[in-house]
Amino acid sequence: MASLGVLQPRSHIRVIVRPKGGLDLKKVSLIRLAQALETAAKLSPEKTLETIVCPNITQNIVVVSTPASLNAGAYAALRLIRLGSTEYHVSAYTAASDDTCKRVI
């Protein structure tokens, strides 16, 4: 796990997780958030050793960066996470890699 501002390896796959239902990332610890994402994705701690979790407080999103495509798929499939006794809906998707063209047509 890492905080915002950490350079993510180019080989990693990035997944954007956008919380819904009033979850304010400013009020959640990075450790609790990373554990909630890992649990919701049904991934063991051993499988997420190289995973980087970076909350973007300004946009209220989380960028999850992982070298494992199976882990990226599990994170991208997330629809619900639990923090304490509260469940929050999320939308998640895989971000375009750095070597692709990104433009509006």
# chains A, B, ... in the order shown; residues from 1 in each chain; ligands from 1
call {"tool": "closest_atom_pairs", "arguments": {"of": "stretch 67-96 of chain A", "to": "stretch 55-61 of chain A", "cutoff": "10 Å", "atoms": "only C-alpha atoms", "output": "CSV"}}
result
residue,atom,partner,partner_atom,distance
A:Val90,CA,A:Ile61,CA,9.7
A:Ser91,CA,A:Ile61,CA,9.8
A:Ala92,CA,A:Ile61,CA,9.6
call {"tool": "write_last_selection", "arguments": {"atoms": "C-alpha atoms", "output": "PDB file, in the first residue's frame"}}
result
ATOM      1  CA  VAL A  90     -18.736   1.702  -5.840  1.00  0.00           C
ATOM      2  CA  SER A  91     -18.116   1.773  -9.553  1.00  0.00           C
ATOM      3  CA  ALA A  92     -14.769   0.455 -10.717  1.00  0.00           C
TER       4      ALA A  92
END
call {"tool": "select_by_dssp", "arguments": {"residues": "chain A", "states": "strand (DSSP E)", "output": "VMD selection string"}}
result
chain A and resid 13 to 19 52 to 56 61 to 66 80 to 83 86 to 94
call {"tool": "residues_around", "arguments": {"residues": "A:His12", "least_positions_apart": "4", "cutoff": "12 Å", "atoms": "only C-alpha atoms", "output": "number ranges by chain"}}
result
A: 7-8, 50-53, 63-72, 94-98
call {"tool": "atom_distance", "arguments": {"atom1": "atom CA of A:Thr86", "atom2": "atom CA of A:Ala74"}}
result
20.9 Å
call {"tool": "select_by_dssp", "arguments": {"residues": "chain A", "states": "alpha helix (DSSP H)", "output": "list in words"}}
result
Leu30, Ile31, Arg32, Leu33, Ala34, Gln35, Ala36, Leu37, Glu38, Thr39, Ala40, Ser69, Leu70, Asn71, Ala72, Gly73, Ala74, Tyr75 and Ala76 of chain A
call {"tool": "decode", "arguments": {"residues": "stretch 26-44 of chain A", "atoms": "N, CA and C atoms", "output": "PDB file, in the first residue's frame"}}
result
ATOM      1  N   LYS A  26     -11.832  11.439   2.700  1.00  0.00           N
ATOM      2  CA  LYS A  26     -11.074  12.232   3.680  1.00  0.00           C
ATOM      3  C   LYS A  26     -11.234  11.686   5.095  1.00  0.00           C
ATOM      4  N   LYS A  27     -12.321  10.963   5.325  1.00  0.00           N
ATOM      5  CA  LYS A  27     -12.640  10.499   6.668  1.00  0.00           C
ATOM      6  C   LYS A  27     -12.278   9.030   6.901  1.00  0.00           C
ATOM      7  N   VAL A  28     -11.583   8.416   5.940  1.00  0.00           N
ATOM      8  CA  VAL A  28     -11.252   6.994   6.042  1.00  0.00           C
ATOM      9  C   VAL A  28      -9.738   6.827   6.028  1.00  0.00           C
ATOM     10  N   SER A  29      -9.217   5.999   6.916  1.00  0.00           N
ATOM     11  CA  SER A  29      -7.769   5.761   6.915  1.00  0.00           C
ATOM     12  C   SER A  29      -7.387   4.917   5.701  1.00  0.00           C
ATOM     13  N   LEU A  30      -6.185   5.131   5.214  1.00  0.00           N
ATOM     14  CA  LEU A  30      -5.691   4.398   4.051  1.00  0.00           C
ATOM     15  C   LEU A  30      -5.653   2.899   4.325  1.00  0.00           C
ATOM     16  N   ILE A  31      -5.272   2.509   5.519  1.00  0.00           N
ATOM     17  CA  ILE A  31      -5.190   1.088   5.855  1.00  0.00           C
ATOM     18  C   ILE A  31      -6.569   0.445   5.834  1.00  0.00           C
ATOM     19  N   ARG A  32      -7.549   1.091   6.458  1.00  0.00           N
ATOM     20  CA  ARG A  32      -8.920   0.546   6.456  1.00  0.00           C
ATOM     21  C   ARG A  32      -9.475   0.468   5.046  1.00  0.00           C
ATOM     22  N   LEU A  33      -9.198   1.481   4.232  1.00  0.00           N
ATOM     23  CA  LEU A  33      -9.680   1.502   2.855  1.00  0.00           C
ATOM     24  C   LEU A  33      -9.049   0.372   2.046  1.00  0.00           C
ATOM     25  N   ALA A  34      -7.737   0.210   2.150  1.00  0.00           N
ATOM     26  CA  ALA A  34      -7.040  -0.854   1.414  1.00  0.00           C
ATOM     27  C   ALA A  34      -7.542  -2.232   1.840  1.00  0.00           C
ATOM     28  N   GLN A  35      -7.763  -2.426   3.136  1.00  0.00           N
ATOM     29  CA  GLN A  35      -8.280  -3.704   3.631  1.00  0.00           C
ATOM     30  C   GLN A  35      -9.696  -3.958   3.126  1.00  0.00           C
ATOM     31  N   ALA A  36     -10.526  -2.915   3.090  1.00  0.00           N
ATOM     32  CA  ALA A  36     -11.896  -3.063   2.602  1.00  0.00           C
ATOM     33  C   ALA A  36     -11.909  -3.443   1.122  1.00  0.00           C
ATOM     34  N   LEU A  37     -11.044  -2.822   0.337  1.00  0.00           N
ATOM     35  CA  LEU A  37     -10.959  -3.148  -1.089  1.00  0.00           C
ATOM     36  C   LEU A  37     -10.471  -4.580  -1.288  1.00  0.00           C
ATOM     37  N   GLU A  38      -9.451  -4.965  -0.552  1.00  0.00           N
ATOM     38  CA  GLU A  38      -8.889  -6.316  -0.638  1.00  0.00           C
ATOM     39  C   GLU A  38      -9.941  -7.362  -0.269  1.00  0.00           C
ATOM     40  N   THR A  39     -10.675  -7.113   0.809  1.00  0.00           N
ATOM     41  CA  THR A  39     -11.711  -8.043   1.257  1.00  0.00           C
ATOM     42  C   THR A  39     -12.834  -8.138   0.239  1.00  0.00           C
ATOM     43  N   ALA A  40     -13.297  -7.005  -0.268  1.00  0.00           N
ATOM     44  CA  ALA A  40     -14.386  -7.001  -1.242  1.00  0.00           C
ATOM     45  C   ALA A  40     -13.980  -7.705  -2.536  1.00  0.00           C
ATOM     46  N   ALA A  41     -12.713  -7.596  -2.905  1.00  0.00           N
ATOM     47  CA  ALA A  41     -12.218  -8.247  -4.118  1.00  0.00           C
ATOM     48  C   ALA A  41     -11.893  -9.719  -3.873  1.00  0.00           C
ATOM     49  N   LYS A  42     -12.032 -10.165  -2.627  1.00  0.00           N
ATOM     50  CA  LYS A  42     -11.746 -11.550  -2.231  1.00  0.00           C
ATOM     51  C   LYS A  42     -10.304 -11.944  -2.546  1.00  0.00           C
ATOM     52  N   LEU A  43      -9.386 -11.047  -2.203  1.00  0.00           N
ATOM     53  CA  LEU A  43      -7.963 -11.294  -2.413  1.00  0.00           C
ATOM     54  C   LEU A  43      -7.269 -11.432  -1.061  1.00  0.00           C
ATOM     55  N   SER A  44      -6.362 -12.369  -0.958  1.00  0.00           N
ATOM     56  CA  SER A  44      -5.621 -12.560   0.293  1.00  0.00           C
ATOM     57  C   SER A  44      -4.491 -11.542   0.382  1.00  0.00           C
TER      58      SER A  44
END
